[in-house]
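Peer 1: Got a structure here, written out as structure tokens. Questions coming.
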Amino acid sequence: MSAEKDKNFEPLFDIMGKFTPYIYILPTLAITSVFLIYPFINTFFYSLLKWDGIGEMNFLGITNYINMFQDPKFWASFSANLIYIVMYSIIPVIAGLIVSSLIGRTELFGVRFFRTVFFLPQVIASVAIGIIFSWIYSSQFGVINQILGVIGLDKYQTAWFGHRSTAPYAVGFIGIWLTLGFAVIIFLSGIQKIDESIYEAAKIDGANSTQQFIYITLPELRYEMVVVFVVTLIRSLSTNIFGIVSSTTGGSYGTRPISLYAYELAFVQYELGYASALVVILVVLILVLTQIIERIGEGS
Amino acid sequence: MKRSIFVIVVLMLVLASIASVVSAQEEVVLKVWDNYFRQANDQIIKDAMEKFKQKHPNVSFQRVARPLDDLKMQIMAALPKGQGPDIMTVNNAETMMGPLVRGGHLLALDKYAEEYNWEDKILSPAVMNRARYSEDGTVLGKGNLYAVPFMGELVGVYYNKEIFEELDLNIPQSLEEFEEVLKTLKDAGYIPITYGGLDDWQFFHLYGEVLGSVLAHDMGADNAQEYLDDIVLRWDEDRSFVNKSTQESASILQEWVENDYFVDGFSGLNGDDALPIFTAGKAAIFIQGSWYSGDITVSDIEAGFFPFPPYKKDGKLPPQVGGMLVPYGISAYTEHPDLAAEFIDIVISSESTNEHLIDNNSLPASVPVDTSELERGTLKYDIYTTWNEVNDSGRLGHYLDWISSSMWDTMGEAGQNLMNLDISPVDFVEKIETDFRQWQDEKPKAD
């Protein structure tokens, strides 16, 4: 009876046999193709052209790529991105591991409150974050300079966004504030999955806190670390950084990332071909770095 | 029978004439895309549309008003396909107008300029040249007229009258006197100049004002204007940015920085941060554009405005930085070019346009402005008399970022480095020159 019933109610896709999984992924594949793969192929095609977006297309081959590597503005943007990778990704991951291991295995009073506080920056638009930090860093009205004045460190008061020596790091610090909470939340959830008996066994074997962190917590959190590294890396190269730099320094004083440079080339200077070459390199850079991170995560 | 035929013929004639009237009154929709979405300018366009509809009741408007950055992308995408608006704002030079002219997407307006007498009504002919391109779109500043503005812009010197009176300072008549004023202000404990160095364009205007004064001294006011026209508008390869005047102007700004004439931490302030330092009465001078006059008028300080002075006393008025608000152009694909041109003329010429502009301290493109009704000694009076003087003498200078398509980027960075004393005046002008030379290779050329 039951077998008969099952036969009667066999899902439609089951009759497709081995093709059934492809039916399920078809919608996602279609959306990805339309909104990611096709635009990327198109962008690569544009990167081989000299084109202002509306006029005649002139085929240049790889000239835009050659020009890019000789363009000091590209290298300045690349340098800014390296600083952002450190401050949006590497420092928050390290600091996040330390903070989460300190609070993750103790019964901290008000832990929910702290989680909310840590996560709060994630729900604020990057442009709003930029505006808030513009006020905090303001050379005339900013709270940082005021605090420095109050505690007698007037000589350190400066235009934080107004010098090459400070502006990229001032923008980078926003990244630490922004992504540290994200890292802590992910790592906390990972730590809570670790079986407490492993730590107890380590304690019996004489492992101290540092050894427990290195030999138990870190290996157990490798998948969480891959996730946090990949997400923050993408933020430091393209998504968050674009809005934050646009709404703070506007890209001045060595703060312009590759993504903002590409935008300005495309929509201010109408160098769509060259801008596309920058975007292609940015995408390749993200793909390569995320693959390296994933491989390291799997290997460990 | 004959009578019946006669009646039928009369009826047919009546019907035919009704049909022709109906077809003459065919409903027309004019699509207008512009960036005049702020209240004051928005009202100007709405009033002009109402006035136009009274004359042409069969015409209605479909208007999209959005920030220029958004609108620009939509226009640049739509026009090449023969789609988009009949009338739209077209930013000057290579940001929009050049590529659109080269693609044949803009209608030349010379016929209408003659019909509506725009050359006499609007700004000075030299200024109108900024909306001209050669027919192939390779030379800016001459050839066909492709757009017309209803509003102008002017950079000059705002000053705090109360501070000037307190320190017994007069409006400086020369660069030397201007620098004496700065020193007196500094010695008296005031911030001489407020300035937002984080915004690239603040530097273009500041440097442009000093450059105009130095150039006019070194080569004469007329030749200075010619030099600026050649290098900014015509991208003349025989001109160079490396010369005594450009370097001296850069040196002057560095001396002002070294003498602490600018607000502390100016490099980390943007234009909107710099303004309240002036309107709070902390800084005595703000060298900026007419677009700030509304905010300054409603502040608590009593302010005046004067053009940047000549290098030497009794010298001719030097070129003052300024130009036109993003002007209106007409699509080459419109089916109603005559109606579109008539609408633009109403926007430009209407009395209500000028009333709105003057109410908001904005500069009408239609000059001279009648100042007889304005109260002397007010900021409004100062600005309009300066505007008339600049237009009358043909001394409206240029926005220096027009020198090349990448000059905004290049001069913005070089200017910030200059003001932070990170590079020398020589390095500064060489960076501009390098960009200008590169533009000679890349600029649009005739086939």
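In the structure tokens, chains take the letters A, B, ... in the order shown, each chain's residues start at 1, and ligands count up from 1 in the order shown.
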Select all residues from chain B having any atom no more than 8 Å from an atom of chain A (counting only C-alpha atoms, ignoring ligands), output as a ChimeraX atom specification.

Peer 2: /B:73,76-77,80,94-95,99-100,102-103,197-199,264-269,405-406,413,416,420

Peer 1: I'd like the contact shell of B:Ser331 - 9 Å cut-off, only C-alpha atoms, skipping same-chain residues fewer than 2 positions apart - returned as a PyMOL selection string.

Peer 2: chain B and resi 79+82-88+105-107+329+333-334+337

Peer 1: Between atom CA of B:Gly208 and atom CA of B:Ala93, measure the distance and give it in Å to one decimal.

Peer 2: 18.0 Å

Peer 1: Show which residues sit within 12 Å of stretch 129-131 of chain B, as a PDB file with C-alpha atoms, in the first residue's frame. Count only C-alpha atoms, and ignore same-chain residues fewer than 4 positions away.

Peer 2:
ATOM      1  CA  THR B  89      20.959  69.015 -19.012  1.00  0.00           C
ATOM      2  CA  VAL B  90      24.301  68.475 -20.723  1.00  0.00           C
ATOM      3  CA  ASN B  91      27.398  69.068 -18.658  1.00  0.00           C
ATOM      4  CA  ASN B  92      30.057  70.975 -20.534  1.00  0.00           C
ATOM      5  CA  ALA B  93      33.270  69.697 -22.034  1.00  0.00           C
ATOM      6  CA  GLU B  94      34.324  66.071 -22.004  1.00  0.00           C
ATOM      7  CA  MET B  96      29.103  64.843 -21.390  1.00  0.00           C
ATOM      8  CA  MET B  97      28.966  67.315 -24.234  1.00  0.00           C
ATOM      9  CA  GLY B  98      32.052  66.170 -26.156  1.00  0.00           C
ATOM     10  CA  VAL B 101      28.470  65.816 -30.017  1.00  0.00           C
ATOM     11  CA  LEU B 106      22.920  66.645 -29.785  1.00  0.00           C
ATOM     12  CA  ALA B 108      23.062  72.306 -32.894  1.00  0.00           C
ATOM     13  CA  LEU B 109      21.167  75.296 -31.501  1.00  0.00           C
ATOM     14  CA  ASP B 110      22.616  78.137 -33.583  1.00  0.00           C
ATOM     15  CA  GLU B 119      23.862  85.573 -27.771  1.00  0.00           C
ATOM     16  CA  ILE B 122      22.863  85.356 -22.077  1.00  0.00           C
ATOM     17  CA  LEU B 123      26.242  85.929 -20.435  1.00  0.00           C
ATOM     18  CA  SER B 124      28.981  87.158 -22.717  1.00  0.00           C
ATOM     19  CA  PRO B 125      29.810  85.535 -26.075  1.00  0.00           C
ATOM     20  CA  GLY B 137      33.164  67.197 -31.586  1.00  0.00           C
ATOM     21  CA  VAL B 139      37.408  71.118 -30.626  1.00  0.00           C
ATOM     22  CA  LEU B 140      35.780  72.702 -27.608  1.00  0.00           C
ATOM     23  CA  GLY B 141      35.098  76.427 -27.489  1.00  0.00           C
ATOM     24  CA  LYS B 142      34.214  77.116 -31.100  1.00  0.00           C
ATOM     25  CA  GLY B 143      31.777  75.921 -33.724  1.00  0.00           C
ATOM     26  CA  ASN B 144      28.140  75.035 -33.128  1.00  0.00           C
ATOM     27  CA  LEU B 145      26.235  75.935 -29.975  1.00  0.00           C
ATOM     28  CA  TYR B 146      24.958  72.789 -28.264  1.00  0.00           C
ATOM     29  CA  ALA B 147      23.504  74.013 -24.968  1.00  0.00           C
ATOM     30  CA  VAL B 148      22.356  77.132 -23.130  1.00  0.00           C
ATOM     31  CA  PRO B 149      22.290  77.861 -19.404  1.00  0.00           C
ATOM     32  CA  ASP B 229      40.816  80.034 -23.197  1.00  0.00           C
ATOM     33  CA  ASP B 230      43.576  78.312 -25.170  1.00  0.00           C
ATOM     34  CA  VAL B 232      41.383  75.150 -20.777  1.00  0.00           C
ATOM     35  CA  LEU B 233      38.917  75.319 -23.644  1.00  0.00           C
ATOM     36  CA  ARG B 234      40.906  74.609 -26.774  1.00  0.00           C
ATOM     37  CA  GLY B 322      33.374  80.948 -12.981  1.00  0.00           C
ATOM     38  CA  GLY B 323      31.129  79.613 -15.651  1.00  0.00           C
ATOM     39  CA  MET B 324      27.631  78.444 -16.329  1.00  0.00           C
ATOM     40  CA  LEU B 325      25.336  76.116 -14.484  1.00  0.00           C
ATOM     41  CA  VAL B 326      24.930  72.780 -16.275  1.00  0.00           C
ATOM     42  CA  PRO B 327      23.054  73.960 -19.398  1.00  0.00           C
ATOM     43  CA  TYR B 328      20.069  72.632 -21.319  1.00  0.00           C
ATOM     44  CA  GLY B 329      20.563  70.905 -24.667  1.00  0.00           C
ATOM     45  CA  GLY B 394      34.579  89.419 -20.498  1.00  0.00           C
ATOM     46  CA  LEU B 396      34.913  85.130 -16.557  1.00  0.00           C
ATOM     47  CA  GLY B 397      37.729  82.629 -16.206  1.00  0.00           C
ATOM     48  CA  HIS B 398      37.543  78.870 -16.264  1.00  0.00           C
ATOM     49  CA  TYR B 399      37.309  75.833 -14.084  1.00  0.00           C
ATOM     50  CA  TRP B 402      38.522  71.204 -17.808  1.00  0.00           C
TER      51      TRP B 402
END

Peer 1: Go through stretch 157-198 of chain A and collect every residue that DSSP, computed from the backbone, puts in helix (DSSP H, G or I); the answer should be as a list in words.

Peer 2: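 Of stretch 157-198 of chain A, the ones in helix (DSSP H, G or I) are Ala167, Pro168, Tyr169, Ala170, Val171, Gly172, Phe173, Ile174, Gly175, Ile176, Trp177, Leu178, Thr179, Leu180, Gly181, Phe182, Ala183, Val184, Ile185, Ile186, Phe187, Leu188, Ser189, Gly190, Ile191, Glu196, Ser197 and Ile198 of chain A.
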
Peer 1: Using DSSP secondary structure from the backbone, list all strand (DSSP E or B) positions within stretch 221-292 of chain B, as a ChimeraX atom specification.

Peer 2: /B:262,283-289

Peer 1: Extract, using only C-alpha atoms, all DNA, RNA and protein residues at most 12 Å from B:Glu255, discarding same-chain residues fewer than 5 positions from it, and format them as a PDB file with C-alpha atoms, in the first residue's frame.

Peer 2:
ATOM      1  CA  GLU B 179      48.303  89.910   1.651  1.00  0.00           C
ATOM      2  CA  LEU B 182      45.717  88.590   5.668  1.00  0.00           C
ATOM      3  CA  LYS B 183      48.651  89.550   7.907  1.00  0.00           C
ATOM      4  CA  GLU B 248      54.402  81.998  -8.801  1.00  0.00           C
ATOM      5  CA  SER B 249      50.703  81.407  -8.100  1.00  0.00           C
ATOM      6  CA  ALA B 250      51.566  78.058  -6.525  1.00  0.00           C
ATOM      7  CA  ASP B 260      49.300  80.253   8.814  1.00  0.00           C
ATOM      8  CA  TYR B 261      46.749  82.250   6.851  1.00  0.00           C
ATOM      9  CA  PHE B 262      44.480  79.210   6.459  1.00  0.00           C
ATOM     10  CA  LEU B 418      51.095  71.556  -2.756  1.00  0.00           C
ATOM     11  CA  MET B 419      48.973  72.894   0.090  1.00  0.00           C
ATOM     12  CA  ASN B 420      50.449  70.323   2.487  1.00  0.00           C
ATOM     13  CA  LEU B 421      53.923  71.530   1.404  1.00  0.00           C
ATOM     14  CA  SER B 424      57.316  72.304  -4.625  1.00  0.00           C
ATOM     15  CA  PRO B 425      55.539  74.768  -6.944  1.00  0.00           C
TER      16      PRO B 425
END

Peer 1: Can you pull out every residue within 8 Å of stretch 60-72 of chain B, counting only C-alpha atoms, but drop anything in the same chain fewer than 4 positions away, and send it as a PDB file with C-alpha atoms, in the first residue's frame?

Peer 2:
ATOM      1  CA  GLU B  27      -1.157  66.189 -28.083  1.00  0.00           C
ATOM      2  CA  VAL B  28       2.582  66.563 -27.691  1.00  0.00           C
ATOM      3  CA  VAL B  29       4.629  65.257 -24.806  1.00  0.00           C
ATOM      4  CA  LEU B  30       8.012  66.869 -24.196  1.00  0.00           C
ATOM      5  CA  LYS B  31      10.373  64.775 -22.125  1.00  0.00           C
ATOM      6  CA  VAL B  32      12.683  66.843 -19.929  1.00  0.00           C
ATOM      7  CA  TRP B  33      15.517  65.305 -17.901  1.00  0.00           C
ATOM      8  CA  ASP B  34      17.441  67.703 -15.701  1.00  0.00           C
ATOM      9  CA  ASN B  35      19.324  67.999 -12.447  1.00  0.00           C
ATOM     10  CA  TYR B  36      17.479  71.086 -11.198  1.00  0.00           C
ATOM     11  CA  PHE B  37      15.814  69.177  -8.400  1.00  0.00           C
ATOM     12  CA  MET B  49       6.412  74.754 -17.868  1.00  0.00           C
ATOM     13  CA  LYS B  53       1.494  75.294 -21.392  1.00  0.00           C
ATOM     14  CA  MET B  76      24.660  58.730 -21.984  1.00  0.00           C
ATOM     15  CA  VAL B  90      24.301  68.475 -20.723  1.00  0.00           C
ATOM     16  CA  MET B  96      29.103  64.843 -21.390  1.00  0.00           C
TER      17      MET B  96
END
